[in-house]
2 protein chains.
Amino acid sequence: MLDAHGPPSLKSLAAALGLSAATVSRVLSGQAERYRISRATRDRILAQAASSGLVVNHLARSLRLQRTLSIGLVIPDISNPFFAMLAREVERSARRHGYSVLIADSEEDPAVEAQALALMQQRHVDGLILAPVGTPAAVASLSALGARPCVLIDRLLPELALPAITSDHRAGAALAVAHLIERGHTRIACVQGSPGTFANDERVAGWRGALSEARLPAGPELVVGGGYSIDAGRRAARALLQRAERPTAVVALGNLLALGVLQAVHEARLAVPADLSLIGFDDQPWASVVDPPLTLIEQPIEQLGREALALLLERIGGDAAPAARRTLPVRLIERASVRDLRSGDRPLPPARSPQGTP
Amino acid sequence: MLDAHGPPSLKSLAAALGLSAATVSRVLSGQAERYRISRATRDRILAQAASSGLVVNHLARSLRLQRTLSIGLVIPDISNPFFAMLAREVERSARRHGYSVLIADSEEDPAVEAQALALMQQRHVDGLILAPVGTPAAVASLSALGARPCVLIDRLLPELALPAITSDHRAGAALAVAHLIERGHTRIACVQGSPGTFANDERVAGWRGALSEARLPAGPELVVGGGYSIDAGRRAARALLQRAERPTAVVALGNLLALGVLQAVHEARLAVPADLSLIGFDDQPWASVVDPPLTLIEQPIEQLGREALALLLERIGGDAAPAARRTLPVRLIERASVRDLRSGDRPLPPARSPQGTP
DNA sequence: TTGTAAGCGTTATCAC
DNA sequence: GTGATAACGCTTACAA
């Protein structure tokens, strides 16, 4: 029987067995045969470890080994479904590779982000997955991170040569605009997220590019909003709806933004798509049962998470390949939030398509 | 200038300054005056620390101090909006108190949960917030956790005397049923989550209790489903809709379940509330713009998170008060997913109420 | 006012 | 085959 005080440690187990800590360590870290530990000793240790409920102290181990088998995940808003799904995927993949995840919410605030990054450094995470806030201040604090492996996700920092996994934001927005133009829309606004943020600016660029190419208006008066919250979306849409020359369609550059737009439209006793067509971003469980089912641009969230982790582990493994940047393709899921303005060329989309595009 | 190799540590800084590590440590941990360090020395250290970008090694500190200033958060599904919001709140509160959060997703699986708990123990988190899977196996693995402070959230384990913060699941379900009965419903089904789980079983009990009290049927044939996923909700609702004697109303005992029910109803080319009334759980941004806006039971998620953390910190602080159990009140938000079956006694609820109860 | 030294629980190196 | 020892980077008696 071991001493009941404190949790059983490698050391206490060694004492109880009359062995040295070294031997116990060798067995427990699976190096038994490499060190030619006798079968008898090995079994004795293993048995005692199991029966005493030994827990090796990971702190001590990390201190000695100079690696913690943990990674940091810093995202702007855990409660945003997009990041929540990302977090889940990252955590699962990490766990499957033996890593644990220290999580921090930067609240889309450079100061908080800087603080989070400092913390991660203090805690000696082996690597970092970061959806950066993206302002110059944030970039500066990032450069202070030292050589710790870091991969960016969803957003990238062109100023910094860091590996990044993002979806093709620009193509996504362009796809949305093209879909609207095809259906006869000519006055297409966009509700943006946080300007200065890579994902947002890329999407705005995609929106503008597609419109310009079609020789349609894409002036700044058609870009409204700021911030990725549902409230920001609602406020932006309200403003849009009060305009004398109301757009016939709007692209919401974030999942919560589309919800905000819907709320504003409902508030105004108007309807989508009768009074305003809407295309959102990110497929979510609710997107197909919302009123009306939402046409949107889908990002491969799970893939983003998995690839970010895979890339990070490569770099942690010392594979210092040149900072890869991978852009994942997006697709448009057609539901029922876009009105076809052409005079009967085509039927309206089906009223319901709860499963997404079949 | 410090040696450029490796990150500046307390030790290297001491060397660079020709001081002992002890002195530097004392200054850096704010004990300068307690040890009567000279102003000059103190300033020299502080200046050098700032300019060299010193990061104290938290591992070493934790090992020495026997506390990590970190807590573990183990939840069944980060991507479920309920838990995502909970996670955000816990992380924020923790951060504000100087703690960081190690997160793990138990995937609603006892084995994974056990693994996660073991991990948290290895990593020496100072305490644990857990939404337990709740099966006997899981309970057993929990008891093996040792004396580490732990507070349960959302679900509690009656077998274990652990402090817990939950919302009043039972009253919530009863509230929903009462609301339906008041509007003339007599055949009221429920779509449950994971049986055996505290929150679920309490809700089912609340549903049954309210029905029995009103002398309405509450047999097992009216309880369908299993699992909290959207798919589980859809499948359960499908089965319900095919019944000869279809219920007029259903209470979905989880936020994603309500979405699944909506999807199934839409699939069947039926409508809520015309063909089936629906009450869900958890207010979410999408709940007010779904078709129709969802009447539901709202839980005080932020409060759950904050109080769980507060309670945990108390216990970490050594306050071994008897395992408190706090039950937070819920409320019903009336929107438009319930049909009034009484012959014109009352008008239907407003078609839209995007903001919840005004 | 500051330094010395022991120790937190591991693991790698060298010795036997 | 196994043990002693040093080191990982920090904090805190105890000395000076």
# chains A, B, ... in the order shown; residues from 1 in each chain; ligands from 1
call {"tool": "closest_atom_pairs", "arguments": {"of": "chain A", "to": "chain C", "cutoff": "9 Å", "atoms": "only C-alpha atoms (C1' of nucleotides)", "output": "CSV"}}
result
residue,atom,partner,partner_atom,distance
A:Ser9,CA,C:DG9,C1',7.8
A:Leu10,CA,C:DG9,C1',7.7
A:Lys11,CA,C:DG9,C1',7.2
A:Ala21,CA,C:DT10,C1',8.9
A:Ala22,CA,C:DT11,C1',7.5
A:Ser25,CA,C:DT11,C1',7.3
A:Arg26,CA,C:DT11,C1',8.4
A:Val56,CA,C:DG9,C1',8.4
A:Asn57,CA,C:DG9,C1',6.4
A:His58,CA,C:DT10,C1',8.2
A:Leu59,CA,C:DG9,C1',7.9
A:Ala60,CA,C:DT10,C1',4.8
A:Arg61,CA,C:DT10,C1',4.7
A:Ser62,CA,C:DT10,C1',8.0
A:Leu63,CA,C:DT10,C1',7.8
A:Arg64,CA,C:DT10,C1',6.1
A:Leu65,CA,C:DT11,C1',7.4
call {"tool": "interface_residues", "arguments": {"of": "chain A", "to": "chain D", "cutoff": "7 Å", "atoms": "only C-alpha atoms (C1' of nucleotides)", "output": "list in words"}}
result
Ser20, Thr23, Arg36, Ile37, Ser38, Leu63 and Arg64 of chain A
call {"tool": "atom_distance", "arguments": {"atom1": "atom CA of Ala336 of chain A", "atom2": "atom CA of Pro292 of chain A"}}
result
5.9 Å
call {"tool": "interface_residues", "arguments": {"of": "chain A", "to": "chain B", "cutoff": "6 Å", "atoms": "only C-alpha atoms", "output": "VMD selection string"}}
result
chain A and resid 55 57 to 59 78 to 79 84 to 85 88 101 to 103 122 to 123 263 289 to 291 354
call {"tool": "write_last_selection", "arguments": {"atoms": "N, CA and C atoms", "output": "JSON list (two decimals), in the first residue's frame"}}
result
[["chain", "number", "residue", "atom", "x", "y", "z"],
["A", 55, "VAL", "N", -0.75, 8.54, -11.49],
["A", 55, "VAL", "CA", -0.83, 9.55, -12.55],
["A", 55, "VAL", "C", 0.51, 10.23, -12.66],
["A", 57, "ASN", "N", 3.05, 13.01, -13.40],
["A", 57, "ASN", "CA", 2.93, 14.45, -13.35],
["A", 57, "ASN", "C", 3.42, 15.04, -14.67],
["A", 58, "HIS", "N", 2.43, 15.50, -15.41],
["A", 58, "HIS", "CA", 2.76, 15.98, -16.74],
["A", 58, "HIS", "C", 3.58, 17.27, -16.70],
["A", 59, "LEU", "N", 3.43, 18.03, -15.65],
["A", 59, "LEU", "CA", 4.20, 19.27, -15.52],
["A", 59, "LEU", "C", 5.68, 18.95, -15.47],
["A", 78, "ILE", "N", -15.88, 32.01, -29.30],
["A", 78, "ILE", "CA", -16.20, 30.58, -29.24],
["A", 78, "ILE", "C", -17.68, 30.34, -29.51],
["A", 79, "SER", "N", -18.52, 31.29, -29.15],
["A", 79, "SER", "CA", -19.95, 31.03, -29.26],
["A", 79, "SER", "C", -20.46, 31.21, -30.69],
["A", 84, "ALA", "N", -17.14, 27.60, -33.12],
["A", 84, "ALA", "CA", -17.44, 26.47, -32.23],
["A", 84, "ALA", "C", -17.17, 25.16, -32.97],
["A", 85, "MET", "N", -17.61, 25.09, -34.22],
["A", 85, "MET", "CA", -17.39, 23.87, -34.98],
["A", 85, "MET", "C", -15.90, 23.67, -35.25],
["A", 88, "ARG", "N", -14.29, 22.38, -32.13],
["A", 88, "ARG", "CA", -14.55, 20.97, -31.91],
["A", 88, "ARG", "C", -13.63, 20.11, -32.75],
["A", 101, "VAL", "N", -5.72, 20.78, -25.61],
["A", 101, "VAL", "CA", -5.95, 22.10, -26.18],
["A", 101, "VAL", "C", -6.26, 23.13, -25.10],
["A", 102, "LEU", "N", -5.45, 24.16, -25.11],
["A", 102, "LEU", "CA", -5.68, 25.31, -24.25],
["A", 102, "LEU", "C", -6.43, 26.32, -25.11],
["A", 103, "ILE", "N", -7.61, 26.73, -24.65],
["A", 103, "ILE", "CA", -8.41, 27.57, -25.52],
["A", 103, "ILE", "C", -8.51, 28.98, -24.98],
["A", 122, "GLN", "N", 3.72, 31.62, -22.17],
["A", 122, "GLN", "CA", 4.04, 31.28, -20.78],
["A", 122, "GLN", "C", 3.82, 29.81, -20.48],
["A", 123, "ARG", "N", 2.69, 29.32, -20.99],
["A", 123, "ARG", "CA", 2.31, 27.94, -20.67],
["A", 123, "ARG", "C", 3.05, 26.93, -21.54],
["A", 263, "GLN", "N", -33.62, 39.15, -39.06],
["A", 263, "GLN", "CA", -34.36, 39.78, -37.97],
["A", 263, "GLN", "C", -34.83, 41.17, -38.36],
["A", 289, "VAL", "N", -33.98, 25.75, -41.87],
["A", 289, "VAL", "CA", -35.33, 25.85, -41.32],
["A", 289, "VAL", "C", -35.71, 27.27, -40.94],
["A", 290, "VAL", "N", -34.81, 28.15, -41.26],
["A", 290, "VAL", "CA", -35.07, 29.56, -41.05],
["A", 290, "VAL", "C", -36.11, 30.00, -42.07],
["A", 291, "ASP", "N", -36.72, 31.15, -41.89],
["A", 291, "ASP", "CA", -37.75, 31.62, -42.81],
["A", 291, "ASP", "C", -37.26, 32.79, -43.64],
["A", 354, "PRO", "N", -35.06, 21.54, -46.96],
["A", 354, "PRO", "CA", -34.47, 21.50, -45.62],
["A", 354, "PRO", "C", -33.11, 20.82, -45.58]]
call {"tool": "select_by_dssp", "arguments": {"residues": "segment 143-227 of chain A", "states": "strand (DSSP E or B)", "output": "mmCIF file with C-alpha atoms, in the first residue's frame"}}
result
data_model
loop_
_atom_site.group_PDB
_atom_site.id
_atom_site.type_symbol
_atom_site.label_atom_id
_atom_site.label_comp_id
_atom_site.auth_asym_id
_atom_site.auth_seq_id
_atom_site.Cartn_x
_atom_site.Cartn_y
_atom_site.Cartn_z
ATOM 1 C CA CYS A 150 1.879 28.728 -35.394
ATOM 2 C CA VAL A 151 -0.684 28.227 -38.076
ATOM 3 C CA LEU A 152 -3.361 30.687 -38.970
ATOM 4 C CA ILE A 153 -6.875 29.629 -39.694
ATOM 5 C CA ALA A 164 -2.362 29.398 -43.089
ATOM 6 C CA ILE A 165 -5.472 27.455 -43.911
ATOM 7 C CA THR A 166 -8.360 29.534 -45.128
ATOM 8 C CA SER A 167 -11.342 28.901 -47.292
ATOM 9 C CA ILE A 188 -26.596 44.172 -54.572
ATOM 10 C CA ALA A 189 -25.376 45.365 -51.208
ATOM 11 C CA CYS A 190 -23.159 43.600 -48.736
ATOM 12 C CA VAL A 191 -23.162 43.472 -44.961
ATOM 13 C CA VAL A 223 -21.073 48.188 -48.067
ATOM 14 C CA VAL A 224 -22.638 48.422 -44.641
#
call {"tool": "atom_distance", "arguments": {"atom1": "atom CA of His169 of chain A", "atom2": "atom CA of Ile279 of chain A"}}
result
13.9 Å
call {"tool": "select_by_dssp", "arguments": {"residues": "segment 64-267 of chain A", "states": "alpha helix (DSSP H)", "output": "ChimeraX atom specification"}}
result
/A:64-65,81-96,110-122,136-143,169-182,198-213,230-242,255-267
call {"tool": "decode", "arguments": {"residues": "segment 255-271 of chain B", "atoms": "N, CA and C atoms", "output": "mmCIF file, in the first residue's frame"}}
result
data_model
loop_
_atom_site.group_PDB
_atom_site.id
_atom_site.type_symbol
_atom_site.label_atom_id
_atom_site.label_comp_id
_atom_site.auth_asym_id
_atom_site.auth_seq_id
_atom_site.Cartn_x
_atom_site.Cartn_y
_atom_site.Cartn_z
ATOM 1 N N ASN B 255 -31.970 22.150 -27.751
ATOM 2 C CA ASN B 255 -32.068 23.149 -28.814
ATOM 3 C C ASN B 255 -31.942 22.551 -30.213
ATOM 4 N N LEU B 256 -30.991 21.637 -30.372
ATOM 5 C CA LEU B 256 -30.825 21.049 -31.689
ATOM 6 C C LEU B 256 -32.002 20.136 -32.032
ATOM 7 N N LEU B 257 -32.595 19.546 -30.999
ATOM 8 C CA LEU B 257 -33.737 18.665 -31.237
ATOM 9 C C LEU B 257 -34.884 19.439 -31.880
ATOM 10 N N ALA B 258 -35.122 20.646 -31.414
ATOM 11 C CA ALA B 258 -36.202 21.453 -31.990
ATOM 12 C C ALA B 258 -35.928 21.710 -33.471
ATOM 13 N N LEU B 259 -34.671 21.929 -33.800
ATOM 14 C CA LEU B 259 -34.323 22.132 -35.211
ATOM 15 C C LEU B 259 -34.632 20.878 -36.015
ATOM 16 N N GLY B 260 -34.294 19.741 -35.451
ATOM 17 C CA GLY B 260 -34.559 18.471 -36.131
ATOM 18 C C GLY B 260 -36.049 18.288 -36.362
ATOM 19 N N VAL B 261 -36.842 18.612 -35.365
ATOM 20 C CA VAL B 261 -38.293 18.486 -35.499
ATOM 21 C C VAL B 261 -38.786 19.392 -36.626
ATOM 22 N N LEU B 262 -38.306 20.614 -36.630
ATOM 23 C CA LEU B 262 -38.706 21.540 -37.690
ATOM 24 C C LEU B 262 -38.358 20.974 -39.061
ATOM 25 N N GLN B 263 -37.160 20.451 -39.173
ATOM 26 C CA GLN B 263 -36.746 19.881 -40.458
ATOM 27 C C GLN B 263 -37.689 18.758 -40.879
ATOM 28 N N ALA B 264 -38.025 17.886 -39.946
ATOM 29 C CA ALA B 264 -38.897 16.754 -40.273
ATOM 30 C C ALA B 264 -40.279 17.239 -40.702
ATOM 31 N N VAL B 265 -40.774 18.237 -40.012
ATOM 32 C CA VAL B 265 -42.096 18.766 -40.353
ATOM 33 C C VAL B 265 -42.075 19.361 -41.763
ATOM 34 N N HIS B 266 -41.036 20.102 -42.055
ATOM 35 C CA HIS B 266 -40.918 20.697 -43.379
ATOM 36 C C HIS B 266 -40.820 19.616 -44.454
ATOM 37 N N GLU B 267 -39.983 18.638 -44.176
ATOM 38 C CA GLU B 267 -39.830 17.502 -45.085
ATOM 39 C C GLU B 267 -41.166 16.878 -45.443
ATOM 40 N N ALA B 268 -42.004 16.745 -44.412
ATOM 41 C CA ALA B 268 -43.296 16.080 -44.608
ATOM 42 C C ALA B 268 -44.314 17.027 -45.220
ATOM 43 N N ARG B 269 -43.868 18.188 -45.628
ATOM 44 C CA ARG B 269 -44.756 19.204 -46.222
ATOM 45 C C ARG B 269 -45.881 19.572 -45.262
ATOM 46 N N LEU B 270 -45.558 19.547 -44.015
ATOM 47 C CA LEU B 270 -46.525 20.008 -43.013
ATOM 48 C C LEU B 270 -45.995 21.328 -42.470
ATOM 49 N N ALA B 271 -46.755 21.904 -41.543
ATOM 50 C CA ALA B 271 -46.310 23.185 -41.014
ATOM 51 C C ALA B 271 -46.493 23.258 -39.502
#
